[in-house]
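J.: Mind having a look at this structure? Questions to follow.
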Amino acid sequence: MRWLVEVILDMIASGMPIDEILADHPELERTDIIACLEYARNIVSGEQVRQVA
């Protein structure tokens, strides 16, 4: 299953702890959430983002 980065960031921004996100959505892994945060950091820092097919 593919998740939109925006959806995961919205959950984090709303104050939802990562452990709660993982408990509510067992198809996600901690590395998925970290990847979303790294992606967001790259976007706001102006770094080039690598596209994944």
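Residues are referred to by chain and number: the chain letter is A, B, ... according to the order shown in the structure tokens, the number counts from 1 in that chain, and ligands are numbered separately from 1 in the order shown.
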Would you please extract all alpha helix (DSSP H) residues from chain A, as assigned by DSSP on the backbone, and give them as a ChimeraX atom specification?
T.: /A:5-13,18-24,30-45
J.: Would you kindly return, as a PyMOL selection string, each protein, DNA or RNA residue with an atom no farther than 8 Å from any atom of region 1-16 of chain A, considering only C-alpha atoms and excluding same-chain residues fewer than 2 positions away?
T.: chain A and resi 18+20-21+27+33+36-37
J.: Would you mind exporting C-alpha atoms of the selected residues as a CSV table (one decimal), in the first residue's frame?
T.:
chain,number,residue,atom,x,y,z
A,18,ILE,CA,4.8,7.9,15.9
A,20,GLU,CA,0.4,5.5,17.9
A,21,ILE,CA,0.5,6.0,14.1
A,27,GLU,CA,1.0,-1.6,7.3
A,33,ILE,CA,7.6,7.7,8.7
A,36,CYS,CA,8.5,11.1,5.1
A,37,LEU,CA,10.3,13.4,7.5
J.: Record the distance separating CA of Leu22 (chain A) and CA of Val44 (chain A), expressed in Å with one decimal.
T.: 25.0 Å
